[in-house]
$ cat my_file29.json   # JSON, C-alpha atoms
[["chain", "number", "residue", "atom", "x", "y", "z"],
["A", 1, "MET", "CA", 139.99, 36.41, 121.70],
["A", 2, "THR", "CA", 136.30, 36.62, 122.56],
["A", 3, "ARG", "CA", 133.64, 38.26, 120.33],
["A", 4, "THR", "CA", 133.28, 41.05, 122.93],
["A", 5, "LEU", "CA", 136.99, 41.83, 122.87],
["A", 6, "LEU", "CA", 137.04, 41.82, 119.07],
["A", 7, "LEU", "CA", 134.23, 44.43, 118.98],
["A", 8, "THR", "CA", 135.98, 46.57, 121.58],
["A", 9, "ALA", "CA", 139.25, 46.46, 119.64],
["A", 10, "ALA", "CA", 137.48, 47.45, 116.40],
["A", 11, "LEU", "CA", 135.77, 50.42, 118.04],
["A", 12, "ALA", "CA", 139.07, 51.57, 119.51],
["A", 13, "ALA", "CA", 140.70, 51.45, 116.08],
["A", 14, "VAL", "CA", 137.92, 53.51, 114.52],
["A", 15, "ALA", "CA", 138.15, 56.09, 117.32],
["A", 16, "ALA", "CA", 141.88, 56.38, 116.85],
["A", 17, "THR", "CA", 141.57, 57.19, 113.15],
["A", 18, "ALA", "CA", 138.43, 59.38, 113.30],
["A", 19, "VAL", "CA", 138.77, 63.05, 112.55],
["A", 20, "ALA", "CA", 137.38, 65.24, 115.32],
["A", 21, "ALA", "CA", 134.20, 67.08, 114.33],
["A", 22, "PRO", "CA", 134.80, 70.82, 113.87],
["A", 23, "LYS", "CA", 133.56, 72.99, 116.68],
["A", 24, "GLN", "CA", 130.47, 74.98, 115.85],
["A", 25, "LYS", "CA", 130.97, 78.75, 115.88],
["A", 26, "ALA", "CA", 128.94, 80.51, 118.52],
["A", 27, "ALA", "CA", 126.28, 82.87, 117.22],
["A", 28, "PRO", "CA", 127.42, 86.48, 117.43],
["A", 29, "ALA", "CA", 126.22, 88.12, 120.59],
["A", 30, "ALA", "CA", 123.87, 91.04, 120.21],
["A", 31, "PRO", "CA", 125.71, 94.28, 120.84],
["A", 32, "ALA", "CA", 125.19, 95.71, 124.28],
["A", 33, "LYS", "CA", 122.50, 98.33, 124.54],
["A", 34, "PRO", "CA", 124.25, 101.62, 123.86],
["A", 35, "ALA", "CA", 124.84, 104.03, 126.70],
["A", 36, "GLY", "CA", 122.23, 106.70, 127.18],
["A", 37, "PRO", "CA", 122.02, 109.36, 124.48],
["A", 38, "SER", "CA", 123.93, 112.59, 124.89],
["A", 39, "ALA", "CA", 122.44, 116.05, 124.46],
["A", 40, "ALA", "CA", 123.57, 116.00, 120.82],
["A", 41, "ASP", "CA", 121.46, 112.89, 120.13],
["A", 42, "TRP", "CA", 118.15, 114.67, 120.77],
["A", 43, "ARG", "CA", 116.18, 117.09, 118.63],
["A", 44, "VAL", "CA", 113.22, 119.33, 119.38],
["A", 45, "PRO", "CA", 110.49, 118.82, 116.74],
["A", 46, "ASP", "CA", 108.87, 121.81, 115.07],
["A", 47, "PRO", "CA", 105.87, 122.66, 117.29],
["A", 48, "ASN", "CA", 103.84, 123.34, 114.14],
["A", 49, "ASN", "CA", 104.30, 119.68, 113.25],
["A", 50, "VAL", "CA", 103.36, 118.14, 116.60],
["A", 51, "LEU", "CA", 99.81, 117.00, 117.31],
["A", 52, "VAL", "CA", 98.71, 116.78, 120.96],
["A", 53, "VAL", "CA", 95.71, 114.47, 121.28],
["A", 54, "ASP", "CA", 94.09, 114.36, 124.71],
["A", 55, "THR", "CA", 91.80, 111.34, 124.99],
["A", 56, "ASN", "CA", 89.74, 109.96, 127.86],
["A", 57, "LYS", "CA", 92.45, 107.26, 128.14],
["A", 58, "GLY", "CA", 95.40, 109.65, 128.24],
["A", 59, "ARG", "CA", 97.56, 111.81, 126.00],
["A", 60, "ILE", "CA", 99.00, 110.91, 122.60],
["A", 61, "ILE", "CA", 101.71, 113.09, 121.05],
["A", 62, "ALA", "CA", 102.43, 112.57, 117.36],
["A", 63, "GLU", "CA", 104.92, 114.15, 114.99],
["A", 64, "LEU", "CA", 103.55, 115.15, 111.61],
["A", 65, "ILE", "CA", 105.88, 114.59, 108.65],
["A", 66, "PRO", "CA", 105.17, 117.07, 105.83],
["A", 67, "GLU", "CA", 108.15, 115.72, 103.87],
["A", 68, "ALA", "CA", 106.11, 112.55, 103.25],
["A", 69, "ALA", "CA", 102.58, 113.96, 102.89],
["A", 70, "PRO", "CA", 102.42, 117.76, 102.80],
["A", 71, "LYS", "CA", 98.75, 118.07, 101.77],
["A", 72, "SER", "CA", 97.51, 115.59, 104.36],
["A", 73, "VAL", "CA", 99.55, 117.23, 107.11],
["A", 74, "GLU", "CA", 98.18, 120.65, 106.18],
["A", 75, "GLN", "CA", 94.59, 119.33, 106.20],
["A", 76, "VAL", "CA", 94.90, 117.70, 109.62],
["A", 77, "ARG", "CA", 96.79, 120.67, 111.05],
["A", 78, "THR", "CA", 94.12, 123.11, 109.79],
["A", 79, "LEU", "CA", 91.29, 121.00, 111.23],
["A", 80, "ALA", "CA", 93.10, 120.82, 114.57],
["A", 81, "HIS", "CA", 93.56, 124.62, 114.53],
["A", 82, "GLU", "CA", 89.79, 124.94, 114.13],
["A", 83, "GLY", "CA", 88.96, 122.50, 116.93],
["A", 84, "PHE", "CA", 87.24, 120.17, 114.45],
["A", 85, "TYR", "CA", 88.50, 116.99, 116.11],
["A", 86, "ASP", "CA", 87.50, 117.87, 119.68],
["A", 87, "GLY", "CA", 85.05, 115.29, 121.07],
["A", 88, "LEU", "CA", 85.17, 112.89, 118.12],
["A", 89, "THR", "CA", 85.19, 109.19, 118.94],
["A", 90, "PHE", "CA", 87.30, 106.20, 118.02],
["A", 91, "PHE", "CA", 84.45, 104.52, 116.18],
["A", 92, "ARG", "CA", 86.35, 101.64, 114.52],
["A", 93, "VAL", "CA", 89.13, 99.98, 116.49],
["A", 94, "ILE", "CA", 90.63, 96.64, 115.49],
["A", 95, "ASP", "CA", 93.11, 94.93, 117.78],
["A", 96, "ASN", "CA", 96.51, 94.25, 116.18],
["A", 97, "PHE", "CA", 95.58, 96.75, 113.48],
["A", 98, "MET", "CA", 94.46, 100.36, 114.09],
["A", 99, "ASP", "CA", 92.25, 102.97, 115.84],
["A", 100, "GLN", "CA", 90.11, 105.03, 113.41],
["A", 101, "THR", "CA", 88.73, 108.47, 114.26],
["A", 102, "GLY", "CA", 88.18, 111.95, 112.81],
["A", 103, "ASP", "CA", 84.59, 111.52, 111.58],
["A", 104, "PRO", "CA", 82.02, 114.16, 112.65],
["A", 105, "LYS", "CA", 79.30, 111.49, 112.32],
["A", 106, "ASN", "CA", 81.35, 109.01, 114.40],
["A", 107, "ASN", "CA", 80.35, 106.11, 112.16],
["A", 108, "GLY", "CA", 82.78, 106.17, 109.22],
["A", 109, "GLU", "CA", 80.44, 107.99, 106.83],
["A", 110, "GLY", "CA", 81.30, 111.62, 107.56],
["A", 111, "ALA", "CA", 83.93, 114.17, 106.63],
["A", 112, "SER", "CA", 84.77, 117.83, 107.11],
["A", 113, "SER", "CA", 83.42, 120.52, 104.78],
["A", 114, "LYS", "CA", 86.89, 120.99, 103.31],
["A", 115, "PRO", "CA", 87.78, 119.57, 99.88],
["A", 116, "ASN", "CA", 89.22, 116.07, 99.78],
["A", 117, "VAL", "CA", 92.99, 115.67, 99.69],
["A", 118, "PRO", "CA", 94.60, 113.46, 97.03],
["A", 119, "GLY", "CA", 96.29, 110.27, 98.14],
["A", 120, "GLU", "CA", 99.96, 110.80, 98.97],
["A", 121, "PHE", "CA", 101.02, 107.18, 98.86],
["A", 122, "LEU", "CA", 104.46, 107.97, 97.45],
["A", 123, "PHE", "CA", 106.73, 110.97, 97.85],
["A", 124, "ARG", "CA", 109.97, 112.05, 96.25],
["A", 125, "ARG", "CA", 113.13, 111.66, 98.27],
["A", 126, "GLY", "CA", 116.07, 113.79, 97.22],
["A", 127, "SER", "CA", 119.58, 114.01, 98.63],
["A", 128, "ASP", "CA", 118.55, 117.08, 100.64],
["A", 129, "MET", "CA", 115.89, 115.19, 102.61],
["A", 130, "PRO", "CA", 116.99, 114.18, 106.14],
["A", 131, "PHE", "CA", 117.26, 110.38, 106.04],
["A", 132, "SER", "CA", 118.79, 107.79, 108.36],
["A", 133, "LEU", "CA", 119.65, 104.50, 106.64],
["A", 134, "ALA", "CA", 118.66, 101.33, 108.51],
["A", 135, "ALA", "CA", 119.07, 98.74, 105.75],
["A", 136, "ASP", "CA", 120.49, 98.89, 102.24],
["A", 137, "GLN", "CA", 118.75, 96.29, 100.08],
["A", 138, "THR", "CA", 120.69, 97.28, 96.94],
["A", 139, "VAL", "CA", 117.62, 98.20, 94.90],
["A", 140, "ALA", "CA", 115.82, 99.75, 97.89],
["A", 141, "GLU", "CA", 116.74, 101.53, 101.11],
["A", 142, "VAL", "CA", 114.95, 101.33, 104.46],
["A", 143, "GLY", "CA", 115.34, 104.10, 106.99],
["A", 144, "PHE", "CA", 113.74, 107.04, 108.73],
["A", 145, "VAL", "CA", 112.66, 110.54, 107.80],
["A", 146, "LYS", "CA", 112.59, 112.12, 111.25],
["A", 147, "SER", "CA", 110.40, 109.67, 113.24],
["A", 148, "LEU", "CA", 108.67, 108.10, 110.23],
["A", 149, "PRO", "CA", 109.94, 104.71, 109.00],
["A", 150, "VAL", "CA", 110.18, 104.70, 105.21],
["A", 151, "MET", "CA", 111.32, 102.64, 102.27],
["A", 152, "SER", "CA", 112.59, 104.13, 99.04],
["A", 153, "GLN", "CA", 114.25, 103.23, 95.82],
["A", 154, "SER", "CA", 118.04, 103.26, 96.03],
["A", 155, "MET", "CA", 119.53, 106.74, 95.86],
["A", 156, "ALA", "CA", 121.92, 105.29, 93.27],
["A", 157, "LEU", "CA", 119.03, 105.77, 90.84],
["A", 158, "ALA", "CA", 118.66, 109.49, 91.60],
["A", 159, "PRO", "CA", 121.16, 110.75, 88.97],
["A", 160, "MET", "CA", 119.05, 108.99, 86.32],
["A", 161, "THR", "CA", 115.77, 110.73, 87.24],
["A", 162, "LYS", "CA", 114.54, 114.05, 85.93],
["A", 163, "ASP", "CA", 114.25, 115.62, 89.40],
["A", 164, "GLY", "CA", 117.30, 113.95, 90.94],
["A", 165, "ALA", "CA", 115.10, 112.13, 93.45],
["A", 166, "VAL", "CA", 113.61, 108.65, 93.97],
["A", 167, "SER", "CA", 110.21, 107.33, 95.04],
["A", 168, "ALA", "CA", 109.66, 106.65, 98.74],
["A", 169, "TRP", "CA", 106.74, 105.63, 100.94],
["A", 170, "GLY", "CA", 105.89, 105.36, 104.62],
["A", 171, "LEU", "CA", 105.95, 102.02, 106.41],
["A", 172, "PHE", "CA", 102.90, 101.25, 108.54],
["A", 173, "CYS", "CA", 104.68, 100.36, 111.77],
["A", 174, "PRO", "CA", 103.07, 100.68, 115.23],
["A", 175, "GLY", "CA", 102.30, 104.33, 115.97],
["A", 176, "VAL", "CA", 102.21, 105.51, 112.37],
["A", 177, "LEU", "CA", 99.31, 107.84, 111.47],
["A", 178, "GLY", "CA", 97.48, 107.11, 108.24],
["A", 179, "MET", "CA", 94.71, 108.92, 106.36],
["A", 180, "ALA", "CA", 91.49, 106.94, 106.00],
["A", 181, "ARG", "CA", 89.75, 106.98, 102.61],
["A", 182, "GLY", "CA", 86.94, 105.44, 100.57],
["A", 183, "GLU", "CA", 87.25, 103.44, 97.37],
["A", 184, "ASP", "CA", 88.46, 106.58, 95.62],
["A", 185, "PRO", "CA", 92.20, 106.85, 96.33],
["A", 186, "ASN", "CA", 91.85, 110.64, 96.36],
["A", 187, "SER", "CA", 89.14, 110.77, 99.05],
["A", 188, "ASN", "CA", 91.31, 111.64, 102.06],
["A", 189, "ASN", "CA", 89.50, 114.24, 104.14],
["A", 190, "SER", "CA", 89.34, 114.32, 107.94],
["A", 191, "GLN", "CA", 89.35, 110.69, 109.06],
["A", 192, "PHE", "CA", 92.63, 109.14, 110.10],
["A", 193, "PHE", "CA", 93.96, 106.23, 112.15],
["A", 194, "PHE", "CA", 96.69, 105.30, 114.61],
["A", 195, "MET", "CA", 98.46, 102.00, 113.98],
["A", 196, "ARG", "CA", 98.36, 99.50, 116.86],
["A", 197, "ALA", "CA", 100.65, 97.02, 115.05],
["A", 198, "ALA", "CA", 102.67, 96.69, 111.85],
["A", 199, "TYR", "CA", 100.53, 96.23, 108.75],
["A", 200, "PRO", "CA", 102.62, 96.16, 105.56],
["A", 201, "SER", "CA", 99.64, 95.62, 103.23],
["A", 202, "LEU", "CA", 98.69, 99.30, 103.70],
["A", 203, "GLU", "CA", 101.95, 100.51, 102.17],
["A", 204, "LYS", "CA", 101.60, 102.47, 98.91],
["A", 205, "ARG", "CA", 97.81, 102.21, 99.27],
["A", 206, "TYR", "CA", 97.22, 104.62, 102.16],
["A", 207, "THR", "CA", 98.89, 107.90, 103.12],
["A", 208, "ALA", "CA", 101.31, 107.76, 106.07],
["A", 209, "PHE", "CA", 101.65, 111.29, 107.45],
["A", 210, "GLY", "CA", 103.08, 111.06, 110.97],
["A", 211, "ARG", "CA", 103.98, 108.89, 113.92],
["A", 212, "VAL", "CA", 103.26, 108.71, 117.63],
["A", 213, "ILE", "CA", 106.34, 109.71, 119.63],
["A", 214, "ALA", "CA", 104.70, 109.45, 123.07],
["A", 215, "GLY", "CA", 101.53, 107.68, 124.17],
["A", 216, "GLN", "CA", 101.56, 104.48, 122.14],
["A", 217, "ASP", "CA", 100.28, 102.76, 125.30],
["A", 218, "VAL", "CA", 97.20, 105.00, 125.03],
["A", 219, "VAL", "CA", 96.73, 103.97, 121.40],
["A", 220, "THR", "CA", 96.61, 100.30, 122.39],
["A", 221, "ALA", "CA", 94.33, 101.03, 125.38],
["A", 222, "ILE", "CA", 91.52, 102.43, 123.20],
["A", 223, "LYS", "CA", 88.38, 100.29, 123.37],
["A", 224, "VAL", "CA", 88.16, 97.73, 120.55],
["A", 225, "GLY", "CA", 85.16, 97.14, 118.29],
["A", 226, "GLU", "CA", 83.97, 97.25, 114.69],
["A", 227, "PRO", "CA", 81.90, 99.26, 115.37],
["A", 228, "VAL", "CA", 82.85, 100.07, 118.95],
["A", 229, "GLU", "CA", 79.98, 99.63, 121.41],
["A", 230, "GLU", "CA", 78.90, 102.62, 123.46],
["A", 231, "PRO", "CA", 80.46, 104.28, 125.28],
["A", 232, "GLN", "CA", 83.21, 104.82, 122.75],
["A", 233, "ASP", "CA", 86.57, 106.28, 123.69],
["A", 234, "ARG", "CA", 87.07, 109.78, 122.32],
["A", 235, "MET", "CA", 89.53, 112.52, 121.49],
["A", 236, "GLU", "CA", 88.55, 115.13, 124.04],
["A", 237, "ARG", "CA", 90.85, 117.78, 122.60],
["A", 238, "VAL", "CA", 93.24, 117.88, 119.64],
["A", 239, "ARG", "CA", 95.71, 120.73, 119.28],
["A", 240, "VAL", "CA", 98.82, 121.63, 117.37],
["A", 241, "LEU", "CA", 101.63, 122.09, 119.89],
["A", 242, "ALA", "CA", 102.36, 125.61, 118.60],
["A", 243, "ASP", "CA", 98.77, 126.63, 119.43],
["A", 244, "ILE", "CA", 99.12, 125.78, 123.12],
["A", 245, "PRO", "CA", 100.08, 128.78, 125.29],
["A", 246, "GLU", "CA", 103.76, 128.68, 126.21],
["A", 247, "LYS", "CA", 103.07, 128.29, 129.95],
["A", 248, "ASP", "CA", 100.91, 125.20, 129.31],
["A", 249, "ARG", "CA", 102.87, 123.72, 126.43],
["A", 250, "PRO", "CA", 104.52, 120.34, 127.07],
["A", 251, "LYS", "CA", 108.24, 120.31, 126.39],
["A", 252, "VAL", "CA", 108.89, 117.63, 123.80],
["A", 253, "ARG", "CA", 112.11, 116.22, 122.46],
["A", 254, "VAL", "CA", 112.78, 113.07, 120.46],
["A", 255, "ILE", "CA", 115.86, 111.11, 119.49],
["A", 256, "ASP", "CA", 117.44, 112.40, 116.29],
["A", 257, "THR", "CA", 117.37, 109.47, 113.87],
["A", 258, "ARG", "CA", 120.48, 110.90, 112.16],
["A", 259, "GLY", "CA", 122.52, 110.86, 115.37],
["A", 260, "ALA", "CA", 125.23, 108.47, 116.56],
["A", 261, "TRP", "CA", 123.15, 106.98, 119.39],
["A", 262, "PHE", "CA", 120.33, 106.04, 117.05],
["A", 263, "LYS", "CA", 122.72, 104.43, 114.56],
["A", 264, "SER", "CA", 123.97, 102.21, 117.40],
["A", 265, "GLU", "CA", 120.37, 101.39, 118.27],
["A", 266, "ILE", "CA", 119.73, 100.32, 114.66],
["A", 267, "GLU", "CA", 122.74, 97.99, 114.77],
["A", 268, "ARG", "CA", 121.63, 96.49, 118.07],
["A", 269, "ALA", "CA", 118.11, 95.81, 116.75],
["A", 270, "ARG", "CA", 119.39, 94.43, 113.45],
["A", 271, "THR", "CA", 121.75, 92.00, 115.19],
["A", 272, "ALA", "CA", 119.05, 90.88, 117.60],
["A", 273, "LYS", "CA", 116.46, 90.26, 114.86],
["A", 274, "GLY", "CA", 118.76, 88.89, 112.16],
["A", 275, "ALA", "CA", 117.02, 88.14, 108.86],
["A", 276, "ASP", "CA", 113.67, 89.19, 110.37],
["A", 277, "PHE", "CA", 114.82, 92.76, 111.02],
["A", 278, "SER", "CA", 112.55, 95.60, 109.94],
["A", 279, "ALA", "CA", 112.42, 99.32, 110.65],
["A", 280, "CYS", "CA", 109.46, 98.62, 112.95],
["A", 281, "ASP", "CA", 111.90, 96.92, 115.37],
["A", 282, "VAL", "CA", 113.78, 100.13, 116.15],
["A", 283, "ASN", "CA", 112.61, 102.18, 119.11],
["A", 284, "ILE", "CA", 112.73, 105.99, 118.91],
["A", 285, "PRO", "CA", 112.75, 107.36, 122.47],
["A", 286, "ALA", "CA", 111.07, 110.66, 123.28],
["A", 287, "GLU", "CA", 110.76, 112.79, 126.40],
["A", 288, "VAL", "CA", 107.76, 114.90, 127.38],
["A", 289, "LYS", "CA", 107.87, 117.25, 130.35]]
$ encode --input "my_file29.json" --output "structure tokens"
Amino acid sequence: MTRTLLLTAALAAVAATAVAAPKQKAAPAAPAKPAGPSAADWRVPDPNNVLVVDTNKGRIIAELIPEAAPKSVEQVRTLAHEGFYDGLTFFRVIDNFMDQTGDPKNNGEGASSKPNVPGEFLFRRGSDMPFSLAADQTVAEVGFVKSLPVMSQSMALAPMTKDGAVSAWGLFCPGVLGMARGEDPNSNNSQFFFMRAAYPSLEKRYTAFGRVIAGQDVVTAIKVGEPVEEPQDRMERVRVLADIPEKDRPKVRVIDTRGAWFKSEIERARTAKGADFSACDVNIPAEVK
């Protein structure tokens, strides 16, 4: 028998006794995008908690969330009632970060004549607060209060607290509105910013008080600069939705984050992102007519 035939015979013997390698399991397919939401999956936000910001680049509509930051919401709402924000510029705009505005001096050094508002970096979440769970991390829960993405301590801790509630804070996802401040954590006044991208390092250090529900494309179209070179983009008019005459008022509705459609959307996003999933990955559709 030749050397070649001996090698061939040996290989054949090994092949005959080898155990077949187990087949690899296919990765689970992302769930199909859920069918369109039904009428029950939408909600109409309180017009007293909707900010309509008309800029030279287009309209931004944001929902204010008093559950998370009642004093900040009241301050911004009052200033909007008074027309304080009309004509103010976006004086500090950083790509992949935020658009800052709300300064009567348009340079970051000004404020309204109203008293400062204390930082509302944390808020208390009780069982009566509307909350949609997106991820249970055992010691913490990630979800949504209306349109605002939040994280909180686990509600399992609530029975052990004096007020039956746990600490929660807003997540600085794209579209979230935050109050600007100085070194003093209680120096919130009139300046605020729109998030262009997720920025977790702001969490528990700045007040999150609302979120854009329509017009995020306008937020990212604002001219960038630190400071922004002239001409700066500006807020031409800022109004609370309830202050707009009924005949001129845009009709706004947004997906209810407690509804069945949104829960399916959370599952779809979580499966698609895997271990990298965050609340910032979940889209909250809105309609404006």
$ residues_around --input "my_file29.json" --residues "Arg181 (chain A)" --least-positions-apart "5" --cutoff "8 Å" --atoms "only C-alpha atoms" --output "PyMOL selection string"
chain A and resi 186-189+191+206
$ closest_residue --input "my_file29.json" --among "A:Val219, A:Val238, A:Ile284, A:Ala272" --to "Leu79 (chain A)" --atoms "only C-alpha atoms"
A:Val238
$ atom_distance --input "my_file29.json" --atom1 "CA of Phe262 (chain A)" --atom2 "CA of Val142 (chain A)"
14.5 Å
$ closest_residue --input "my_file29.json" --among "A:Arg196, A:Arg258, A:Arg239, A:Lys223" --to "Asp86 (chain A)" --atoms "only C-alpha atoms"
A:Arg239
$ residues_around --input "my_file29.json" --residues "Met235 (chain A)" --least-positions-apart "3" --cutoff "9 Å" --atoms "all atoms listed in the file" --output "PyMOL selection string"
chain A and resi 53-57+85-90+101-102+238
$ residues_around --input "my_file29.json" --residues "Gly175 (chain A)" --least-positions-apart "3" --cutoff "12 Å" --atoms "all atoms listed in the file" --output "MDAnalysis selection string"
chainID A and resid 60:64 96:99 147:149 170:172 178 193:199 208:220 280 283:284
$ atom_distance --input "my_file29.json" --atom1 "CA of Ala279 (chain A)" --atom2 "CA of Leu133 (chain A)"
9.8 Å
$ residues_around --input "my_file29.json" --residues "Trp261 (chain A)" --least-positions-apart "3" --cutoff "10 Å" --atoms "only C-alpha atoms" --output "VMD selection string"
chain A and resid 34 to 38 40 to 42 255 to 258 264 to 266
$ write_last_selection --input "my_file29.json" --atoms "C-alpha atoms" --output "JSON list (two decimals), in the coordinates of the input"
[["chain", "number", "residue", "atom", "x", "y", "z"],
["A", 34, "PRO", "CA", 124.25, 101.62, 123.86],
["A", 35, "ALA", "CA", 124.84, 104.03, 126.70],
["A", 36, "GLY", "CA", 122.23, 106.70, 127.18],
["A", 37, "PRO", "CA", 122.02, 109.36, 124.48],
["A", 38, "SER", "CA", 123.93, 112.59, 124.89],
["A", 40, "ALA", "CA", 123.57, 116.00, 120.82],
["A", 41, "ASP", "CA", 121.46, 112.89, 120.13],
["A", 42, "TRP", "CA", 118.15, 114.67, 120.77],
["A", 255, "ILE", "CA", 115.86, 111.11, 119.49],
["A", 256, "ASP", "CA", 117.44, 112.40, 116.29],
["A", 257, "THR", "CA", 117.37, 109.47, 113.87],
["A", 258, "ARG", "CA", 120.48, 110.90, 112.16],
["A", 264, "SER", "CA", 123.97, 102.21, 117.40],
["A", 265, "GLU", "CA", 120.37, 101.39, 118.27],
["A", 266, "ILE", "CA", 119.73, 100.32, 114.66]]
$ atom_distance --input "my_file29.json" --atom1 "CA of Arg249 (chain A)" --atom2 "CA of Lys289 (chain A)"
9.1 Å
$ closest_residue --input "my_file29.json" --among "A:Ser167, A:Gly182, A:Ser190, A:Ala68" --to "Pro115 (chain A)" --atoms "only C-alpha atoms"
A:Ser190
$ closest_residue --input "my_file29.json" --among "A:Ile222, A:Phe121, A:Arg268, A:Ala156" --to "Glu203 (chain A)" --atoms "only C-alpha atoms"
A:Phe121
$ residues_around --input "my_file29.json" --residues "Ala135 (chain A)" --least-positions-apart "5" --cutoff "10 Å" --atoms "all atoms listed in the file" --output "PyMOL selection string"
chain A and resi 140-143+151+266-267+270+277-279
$ closest_residue --input "my_file29.json" --among "A:Lys263, A:Lys273, A:Arg205, A:Lys114" --to "Ser132 (chain A)" --atoms "only C-alpha atoms"
A:Lys263
$ closest_residue --input "my_file29.json" --among "A:Val150, A:Thr207, A:Val252, A:Pro231" --to "Arg125 (chain A)" --atoms "all atoms listed in the file"
A:Val150
$ build_atoms --input "my_file29.json" --residues "region 263-274 of chain A" --atoms "N, CA and C atoms" --output "CSV table (one decimal), keeping the file's coordinate frame"
chain,number,residue,atom,x,y,z
A,263,LYS,N,122.0,105.4,115.5
A,263,LYS,CA,122.7,104.4,114.6
A,263,LYS,C,123.2,103.2,115.3
A,264,SER,N,123.6,103.4,116.6
A,264,SER,CA,124.0,102.2,117.4
A,264,SER,C,122.7,101.4,117.7
A,265,GLU,N,121.6,102.1,118.0
A,265,GLU,CA,120.4,101.4,118.3
A,265,GLU,C,119.9,100.6,117.1
A,266,ILE,N,120.1,101.1,115.9
A,266,ILE,CA,119.7,100.3,114.7
A,266,ILE,C,120.6,99.0,114.6
A,267,GLU,N,121.9,99.2,114.8
A,267,GLU,CA,122.7,98.0,114.8
A,267,GLU,C,122.4,97.0,115.8
A,268,ARG,N,122.0,97.4,117.0
A,268,ARG,CA,121.6,96.5,118.1
A,268,ARG,C,120.4,95.7,117.7
A,269,ALA,N,119.4,96.4,117.1
A,269,ALA,CA,118.1,95.8,116.8
A,269,ALA,C,118.3,94.9,115.6
A,270,ARG,N,119.2,95.3,114.6
A,270,ARG,CA,119.4,94.4,113.4
A,270,ARG,C,120.1,93.1,113.8
A,271,THR,N,121.1,93.2,114.7
A,271,THR,CA,121.8,92.0,115.2
A,271,THR,C,120.8,91.1,116.0
A,272,ALA,N,120.0,91.7,116.8
A,272,ALA,CA,119.0,90.9,117.6
A,272,ALA,C,118.0,90.2,116.7
A,273,LYS,N,117.5,90.8,115.7
A,273,LYS,CA,116.5,90.3,114.9
A,273,LYS,C,117.0,89.4,113.7
A,274,GLY,N,118.2,89.7,113.3
A,274,GLY,CA,118.8,88.9,112.2
A,274,GLY,C,118.0,89.1,110.9
